[in-house]
Structure formats: structure tokens, C-alpha cells
file run.cif (mmCIF, N, CA and C atoms)
data_upload
loop_
_atom_site.label_atom_id
_atom_site.label_comp_id
_atom_site.auth_asym_id
_atom_site.auth_seq_id
_atom_site.Cartn_x
_atom_site.Cartn_y
_atom_site.Cartn_z
N MET V 15 123.05 94.88 62.90
CA MET V 15 122.15 93.85 63.33
C MET V 15 122.88 92.51 63.25
N PRO V 16 122.82 91.68 64.29
CA PRO V 16 123.49 90.38 64.27
C PRO V 16 122.84 89.44 63.25
N VAL V 17 123.67 88.62 62.65
CA VAL V 17 123.20 87.63 61.70
C VAL V 17 122.64 86.45 62.49
N VAL V 18 121.44 86.04 62.15
CA VAL V 18 120.80 84.90 62.81
C VAL V 18 120.93 83.70 61.89
N VAL V 19 121.60 82.67 62.37
CA VAL V 19 121.78 81.45 61.61
C VAL V 19 120.79 80.42 62.11
N LYS V 20 119.95 79.95 61.22
CA LYS V 20 118.99 78.92 61.60
C LYS V 20 119.58 77.55 61.28
N PRO V 21 119.64 76.68 62.26
CA PRO V 21 120.16 75.34 62.02
C PRO V 21 119.32 74.60 60.98
N PHE V 22 119.97 73.72 60.26
CA PHE V 22 119.28 72.87 59.29
C PHE V 22 119.95 71.50 59.29
N LYS V 23 119.29 70.54 58.68
CA LYS V 23 119.79 69.17 58.68
C LYS V 23 120.43 68.82 57.34
N VAL V 24 121.55 68.13 57.41
CA VAL V 24 122.19 67.48 56.27
C VAL V 24 122.15 66.01 56.61
N GLY V 25 121.21 65.28 56.01
CA GLY V 25 120.96 63.92 56.48
C GLY V 25 120.47 64.02 57.90
N SER V 26 121.16 63.37 58.81
CA SER V 26 120.78 63.47 60.23
C SER V 26 121.68 64.44 61.00
N VAL V 27 122.58 65.13 60.30
CA VAL V 27 123.54 66.03 60.94
C VAL V 27 122.97 67.45 60.99
N GLU V 28 122.92 68.02 62.19
CA GLU V 28 122.49 69.41 62.31
C GLU V 28 123.67 70.33 62.04
N VAL V 29 123.44 71.27 61.14
CA VAL V 29 124.46 72.24 60.74
C VAL V 29 123.96 73.64 61.08
N GLY V 30 124.84 74.48 61.57
CA GLY V 30 124.46 75.86 61.84
C GLY V 30 123.94 76.11 63.23
N GLY V 31 123.92 75.09 64.06
CA GLY V 31 123.44 75.26 65.42
C GLY V 31 124.53 75.52 66.43
N GLY V 32 125.76 75.65 65.96
CA GLY V 32 126.87 75.94 66.85
C GLY V 32 127.67 74.72 67.26
N GLY V 33 127.14 73.52 66.98
CA GLY V 33 127.85 72.30 67.35
C GLY V 33 128.88 71.90 66.30
N LEU V 34 129.91 71.22 66.76
CA LEU V 34 130.96 70.72 65.89
C LEU V 34 130.44 69.54 65.08
N PHE V 35 130.82 69.46 63.81
CA PHE V 35 130.57 68.29 62.98
C PHE V 35 131.77 68.13 62.06
N LEU V 36 131.92 66.96 61.47
CA LEU V 36 133.08 66.66 60.63
C LEU V 36 132.65 66.33 59.22
N ILE V 37 133.30 66.95 58.24
CA ILE V 37 133.17 66.59 56.83
C ILE V 37 134.51 66.01 56.45
N ALA V 38 134.55 64.72 56.05
CA ALA V 38 135.83 64.08 55.75
C ALA V 38 135.62 62.89 54.84
N GLY V 39 136.68 62.54 54.15
CA GLY V 39 136.68 61.38 53.28
C GLY V 39 137.83 61.48 52.31
N PRO V 40 137.95 60.50 51.43
CA PRO V 40 139.03 60.54 50.45
C PRO V 40 138.81 61.67 49.44
N CYS V 41 139.87 62.20 48.91
CA CYS V 41 139.78 63.30 47.96
C CYS V 41 138.89 62.93 46.77
N VAL V 42 139.05 61.74 46.28
CA VAL V 42 138.30 61.28 45.11
C VAL V 42 137.89 59.83 45.35
N VAL V 43 136.78 59.41 44.76
CA VAL V 43 136.36 58.01 44.86
C VAL V 43 137.41 57.16 44.15
N GLU V 44 138.01 56.25 44.89
CA GLU V 44 139.01 55.34 44.32
C GLU V 44 138.34 54.04 43.88
N SER V 45 137.54 53.48 44.80
CA SER V 45 136.83 52.22 44.54
C SER V 45 135.70 52.11 45.56
N GLU V 46 134.78 51.20 45.32
CA GLU V 46 133.69 50.99 46.27
C GLU V 46 134.22 50.51 47.62
N SER V 47 135.13 49.53 47.59
CA SER V 47 135.64 48.98 48.84
C SER V 47 136.38 50.05 49.65
N HIS V 48 137.15 50.88 48.98
CA HIS V 48 137.89 51.94 49.69
C HIS V 48 136.94 52.97 50.29
N ALA V 49 135.96 53.40 49.51
CA ALA V 49 135.00 54.41 50.00
C ALA V 49 134.22 53.88 51.20
N LEU V 50 133.75 52.64 51.10
CA LEU V 50 132.99 52.06 52.22
C LEU V 50 133.88 51.87 53.45
N LYS V 51 135.11 51.43 53.24
CA LYS V 51 136.04 51.24 54.37
C LYS V 51 136.28 52.57 55.07
N MET V 52 136.52 53.63 54.29
CA MET V 52 136.77 54.95 54.87
C MET V 52 135.53 55.46 55.61
N ALA V 53 134.36 55.35 54.99
CA ALA V 53 133.12 55.84 55.60
C ALA V 53 132.84 55.14 56.92
N HIS V 54 132.97 53.81 56.94
CA HIS V 54 132.72 53.05 58.17
C HIS V 54 133.75 53.39 59.25
N ALA V 55 135.03 53.50 58.86
CA ALA V 55 136.09 53.79 59.84
C ALA V 55 135.90 55.17 60.46
N ILE V 56 135.65 56.17 59.60
CA ILE V 56 135.49 57.53 60.12
C ILE V 56 134.22 57.64 60.95
N ARG V 57 133.14 57.00 60.49
CA ARG V 57 131.89 57.04 61.26
C ARG V 57 132.08 56.40 62.64
N SER V 58 132.83 55.31 62.70
CA SER V 58 133.09 54.64 63.97
C SER V 58 133.80 55.57 64.95
N ILE V 59 134.79 56.30 64.44
CA ILE V 59 135.53 57.24 65.30
C ILE V 59 134.63 58.39 65.74
N THR V 60 133.89 58.98 64.80
CA THR V 60 133.05 60.13 65.16
C THR V 60 131.91 59.74 66.10
N GLU V 61 131.39 58.54 65.94
CA GLU V 61 130.36 58.07 66.88
C GLU V 61 130.95 57.93 68.28
N ARG V 62 132.16 57.39 68.34
CA ARG V 62 132.82 57.18 69.64
C ARG V 62 133.06 58.50 70.37
N VAL V 63 133.39 59.56 69.62
CA VAL V 63 133.69 60.84 70.26
C VAL V 63 132.50 61.80 70.24
N GLY V 64 131.38 61.36 69.67
CA GLY V 64 130.16 62.16 69.70
C GLY V 64 130.12 63.33 68.74
N VAL V 65 130.75 63.18 67.58
CA VAL V 65 130.77 64.24 66.58
C VAL V 65 130.01 63.76 65.34
N PRO V 66 128.98 64.46 64.92
CA PRO V 66 128.26 64.08 63.70
C PRO V 66 129.19 64.13 62.48
N TYR V 67 128.92 63.28 61.48
CA TYR V 67 129.84 63.06 60.37
C TYR V 67 129.13 63.11 59.02
N ILE V 68 129.76 63.82 58.07
CA ILE V 68 129.32 63.85 56.68
C ILE V 68 130.48 63.36 55.83
N PHE V 69 130.24 62.33 55.02
CA PHE V 69 131.26 61.77 54.13
C PHE V 69 131.42 62.65 52.90
N LYS V 70 132.67 62.94 52.52
CA LYS V 70 132.92 63.74 51.32
C LYS V 70 133.94 63.05 50.42
N ALA V 71 133.59 62.95 49.15
CA ALA V 71 134.52 62.49 48.12
C ALA V 71 134.03 63.01 46.78
N SER V 72 134.97 63.31 45.91
CA SER V 72 134.63 63.77 44.58
C SER V 72 134.46 62.58 43.64
N TYR V 73 133.54 62.67 42.72
CA TYR V 73 133.41 61.63 41.69
C TYR V 73 134.30 61.93 40.50
N ASP V 74 134.74 63.19 40.39
CA ASP V 74 135.66 63.58 39.31
C ASP V 74 136.56 64.67 39.86
N LYS V 75 137.80 64.34 40.10
CA LYS V 75 138.75 65.32 40.63
C LYS V 75 139.44 65.98 39.44
N ALA V 76 138.78 66.99 38.90
CA ALA V 76 139.22 67.63 37.66
C ALA V 76 140.37 68.61 37.86
N ASN V 77 140.58 69.08 39.07
CA ASN V 77 141.60 70.11 39.29
C ASN V 77 142.94 69.51 39.73
N ARG V 78 143.44 68.59 38.95
CA ARG V 78 144.73 67.96 39.24
C ARG V 78 145.86 68.74 38.59
N THR V 79 147.06 68.65 39.18
CA THR V 79 148.20 69.34 38.61
C THR V 79 148.80 68.59 37.42
N SER V 80 148.48 67.31 37.31
CA SER V 80 148.97 66.51 36.19
C SER V 80 147.80 65.97 35.38
N ILE V 81 147.90 66.05 34.08
CA ILE V 81 146.85 65.52 33.20
C ILE V 81 146.72 64.01 33.36
N ASN V 82 147.77 63.35 33.85
CA ASN V 82 147.77 61.90 34.00
C ASN V 82 147.30 61.43 35.37
N ALA V 83 146.96 62.34 36.28
CA ALA V 83 146.53 61.97 37.63
C ALA V 83 145.15 61.30 37.59
N HIS V 84 144.90 60.41 38.55
CA HIS V 84 143.61 59.72 38.67
C HIS V 84 142.52 60.73 38.98
N ARG V 85 141.46 60.72 38.17
CA ARG V 85 140.35 61.67 38.37
C ARG V 85 139.12 61.01 38.97
N GLY V 86 139.13 59.69 39.08
CA GLY V 86 137.97 58.97 39.59
C GLY V 86 137.51 57.95 38.58
N PRO V 87 136.57 57.09 38.99
CA PRO V 87 136.11 56.00 38.12
C PRO V 87 135.07 56.42 37.08
N GLY V 88 134.74 57.68 37.01
CA GLY V 88 133.68 58.15 36.10
C GLY V 88 132.43 58.45 36.89
N ILE V 89 131.62 59.34 36.36
CA ILE V 89 130.47 59.86 37.10
C ILE V 89 129.46 58.76 37.45
N ASP V 90 129.13 57.89 36.52
CA ASP V 90 128.10 56.88 36.79
C ASP V 90 128.53 55.91 37.88
N GLU V 91 129.73 55.36 37.76
CA GLU V 91 130.21 54.41 38.76
C GLU V 91 130.42 55.09 40.11
N ALA V 92 131.02 56.28 40.09
CA ALA V 92 131.30 56.97 41.35
C ALA V 92 130.02 57.37 42.08
N LEU V 93 129.02 57.86 41.35
CA LEU V 93 127.76 58.22 42.01
C LEU V 93 127.06 56.99 42.57
N SER V 94 127.17 55.88 41.87
CA SER V 94 126.62 54.62 42.39
C SER V 94 127.32 54.24 43.71
N ILE V 95 128.63 54.40 43.73
CA ILE V 95 129.41 54.10 44.95
C ILE V 95 129.01 55.05 46.07
N LEU V 96 128.87 56.34 45.78
CA LEU V 96 128.47 57.30 46.82
C LEU V 96 127.08 56.97 47.36
N GLY V 97 126.19 56.51 46.51
CA GLY V 97 124.88 56.07 46.97
C GLY V 97 124.98 54.89 47.92
N ARG V 98 125.88 53.94 47.61
CA ARG V 98 126.08 52.79 48.49
C ARG V 98 126.69 53.23 49.81
N VAL V 99 127.61 54.19 49.78
CA VAL V 99 128.20 54.71 51.01
C VAL V 99 127.09 55.30 51.89
N ARG V 100 126.25 56.10 51.29
CA ARG V 100 125.15 56.74 52.03
C ARG V 100 124.25 55.71 52.69
N ASN V 101 123.88 54.69 51.94
CA ASN V 101 122.96 53.67 52.45
C ASN V 101 123.63 52.68 53.38
N ASP V 102 124.79 52.16 52.99
CA ASP V 102 125.45 51.11 53.76
C ASP V 102 126.08 51.65 55.05
N ALA V 103 126.75 52.79 54.95
CA ALA V 103 127.41 53.35 56.14
C ALA V 103 126.45 54.21 56.96
N GLY V 104 125.32 54.57 56.37
CA GLY V 104 124.34 55.38 57.09
C GLY V 104 124.82 56.78 57.39
N VAL V 105 125.54 57.38 56.44
CA VAL V 105 126.07 58.72 56.64
C VAL V 105 125.54 59.66 55.55
N ALA V 106 125.51 60.94 55.87
CA ALA V 106 125.21 61.94 54.85
C ALA V 106 126.42 62.02 53.91
N VAL V 107 126.16 62.39 52.65
CA VAL V 107 127.21 62.43 51.64
C VAL V 107 127.27 63.81 51.00
N LEU V 108 128.50 64.31 50.83
CA LEU V 108 128.77 65.56 50.13
C LEU V 108 129.68 65.25 48.95
N THR V 109 129.35 65.79 47.79
CA THR V 109 130.22 65.69 46.62
C THR V 109 130.13 66.98 45.84
N ASP V 110 131.06 67.16 44.92
CA ASP V 110 131.06 68.37 44.11
C ASP V 110 130.54 68.08 42.70
N VAL V 111 130.02 69.11 42.07
CA VAL V 111 129.53 69.01 40.70
C VAL V 111 130.35 69.96 39.83
N HIS V 112 130.50 69.58 38.57
CA HIS V 112 131.35 70.34 37.67
C HIS V 112 130.58 71.01 36.53
N GLU V 113 129.40 70.50 36.25
CA GLU V 113 128.57 71.05 35.19
C GLU V 113 127.11 70.99 35.62
N VAL V 114 126.32 71.92 35.14
CA VAL V 114 124.89 71.96 35.48
C VAL V 114 124.23 70.63 35.13
N SER V 115 124.66 70.01 34.04
CA SER V 115 124.05 68.75 33.61
C SER V 115 124.28 67.61 34.60
N GLN V 116 125.20 67.75 35.53
CA GLN V 116 125.50 66.71 36.51
C GLN V 116 124.72 66.85 37.81
N VAL V 117 124.06 67.98 38.00
CA VAL V 117 123.42 68.28 39.28
C VAL V 117 122.32 67.27 39.62
N ARG V 118 121.46 66.98 38.69
CA ARG V 118 120.34 66.09 38.97
C ARG V 118 120.82 64.70 39.41
N ALA V 119 121.76 64.12 38.69
CA ALA V 119 122.27 62.78 39.04
C ALA V 119 122.98 62.81 40.39
N ALA V 120 123.80 63.82 40.64
CA ALA V 120 124.51 63.90 41.92
C ALA V 120 123.55 64.10 43.08
N ALA V 121 122.49 64.87 42.86
CA ALA V 121 121.51 65.13 43.92
C ALA V 121 120.74 63.87 44.31
N GLU V 122 120.71 62.88 43.45
CA GLU V 122 120.03 61.62 43.78
C GLU V 122 120.75 60.86 44.89
N VAL V 123 122.06 61.03 45.01
CA VAL V 123 122.83 60.25 45.99
C VAL V 123 123.49 61.10 47.07
N ALA V 124 123.55 62.41 46.87
CA ALA V 124 124.26 63.28 47.82
C ALA V 124 123.29 64.17 48.57
N ASP V 125 123.64 64.44 49.82
CA ASP V 125 122.85 65.34 50.65
C ASP V 125 123.28 66.79 50.46
N VAL V 126 124.53 66.99 50.04
CA VAL V 126 125.08 68.33 49.81
C VAL V 126 125.85 68.30 48.51
N LEU V 127 125.62 69.33 47.67
CA LEU V 127 126.40 69.50 46.45
C LEU V 127 127.28 70.72 46.60
N GLN V 128 128.52 70.58 46.25
CA GLN V 128 129.51 71.65 46.37
C GLN V 128 129.94 72.07 44.97
N ILE V 129 130.12 73.37 44.77
CA ILE V 129 130.67 73.88 43.52
C ILE V 129 132.15 74.18 43.78
N PRO V 130 133.06 73.49 43.09
CA PRO V 130 134.49 73.71 43.34
C PRO V 130 134.89 75.15 43.07
N ALA V 131 135.86 75.64 43.81
CA ALA V 131 136.29 77.03 43.71
C ALA V 131 136.83 77.37 42.33
N PHE V 132 137.48 76.42 41.67
CA PHE V 132 138.09 76.75 40.38
C PHE V 132 137.08 76.94 39.27
N LEU V 133 135.82 76.58 39.52
CA LEU V 133 134.80 76.77 38.51
C LEU V 133 134.21 78.16 38.63
#
call {"tool": "encode", "arguments": {"input": "run.cif", "output": "C-alpha cells"}}
result
Amino acid sequence: MPVVVKPFKVGSVEVGGGGLFLIAGPCVVESESHALKMAHAIRSITERVGVPYIFKASYDKANRTSINAHRGPGIDEALSILGRVRNDAGVAVLTDVHEVSQVRAAAEVADVLQIPAFL
């Protein structure tokens, strides 16, 4: 029996309906200005070519190869920045969660929560 996929919305982006969409952004939240610049720039391109866009960035990039690598500005600041990206750039937001205790806070600002593969 064929699998029937019912389309659904992520923010204003329809997913599962067969149309192309883009999930993109910086690997990790670096700063508010960087996240907003990236979200606006990518949204501008995707609007021009007619491709719906979901912004993605991690608030904590825990799976680094070096213990000294930048992991992000911390959950509170990064989630605040992701909320501003969602509101200011007018895009859906995807981020990953690392612990069950983080789900509620991340869900306040993100349209999609991802569980990283290494967990």
C-alpha cells in the first residue's frame, strides 16, 4: 500500500506536499546581528526564487570535535535571538534540543524542534 503523506505547515511553509523548501542558517547562533543578517539575506534570496524558507541554527552546538570550540552564547540568550529572528525576519525557525528540560523553552521560539543524531 502506498504511503500517503499529508502536507502540514511549519510557520507559513508547507511541508510534505511535494514542493521544494529550504532549511538553512548558521551552524550555531553566533550573535543576534549575525543571525538576523543571515535570516534576512537567505529569506531575500528564497523569496526572489519562490522557495519557502525555514531558518535553522543551534543554540548549543555540543557535538564539536574540540572541547574549546564555540558552542553558542548559551540557551537563554540564543533562544531570545532565535525568537527575534522569527519575529523580525518573519521566518519559521528550527533548532535542536539536547535535554528534555530544554524542550519547553525552545518550543516557545521555534516552529520545529530537532533531536540531534548523536543523542
call {"tool": "resolve_selection", "arguments": {"input": "run.cif", "expression": "the PyMOL selection byres ((chain V and resi 25) around 6.5)", "output": "JSON, numbers by chain"}}
result
{"V": [23, 24, 26, 27, 28, 105, 106, 125]}
call {"tool": "closest_residue", "arguments": {"input": "run.cif", "among": "V:Ile37, V:Val17, V:Val43, V:Val29", "to": "Gly86 in chain V", "atoms": "all atoms listed in the file"}}
result
V:Val43
call {"tool": "axis_aligned_box", "arguments": {"input": "run.cif", "around": "range 61-72 of chain V", "padding_each_side": "5 Å", "output": "AutoDock Vina command-line options"}}
result
--center_x 131.6 --center_y 60.8 --center_z 57.0 --size_x 16.7 --size_y 17.3 --size_z 36.7
call {"tool": "closest_residue", "arguments": {"input": "run.cif", "among": "V:Met15, V:Ala119, V:Ile81, V:Ala38", "to": "Ile56 in chain V", "atoms": "all atoms listed in the file"}}
result
V:Ala38
call {"tool": "resolve_selection", "arguments": {"input": "run.cif", "expression": "the PyMOL selection byres (((chain V and resi 112 and name CA) around 10) and name CA)", "output": "NGL selection string"}}
result
:V and (73-76 or 110-111 or 113-117 or 128-130 or 132-133)
call {"tool": "resolve_selection", "arguments": {"input": "run.cif", "expression": "the PyMOL selection byres (((chain V and resi 50-52 and name CA) around 10) and name CA)", "output": "count of residues only"}}
result
22
call {"tool": "closest_residue", "arguments": {"input": "run.cif", "among": "V:Ser72, V:Ser80, V:Thr109, V:Ser94", "to": "Glu44 in chain V", "atoms": "all atoms listed in the file"}}
result
V:Ser72
call {"tool": "closest_residue", "arguments": {"input": "run.cif", "among": "V:Gly30, V:Lys70, V:Val42, V:Pro16", "to": "Pro87 in chain V", "atoms": "all atoms listed in the file"}}
result
V:Val42
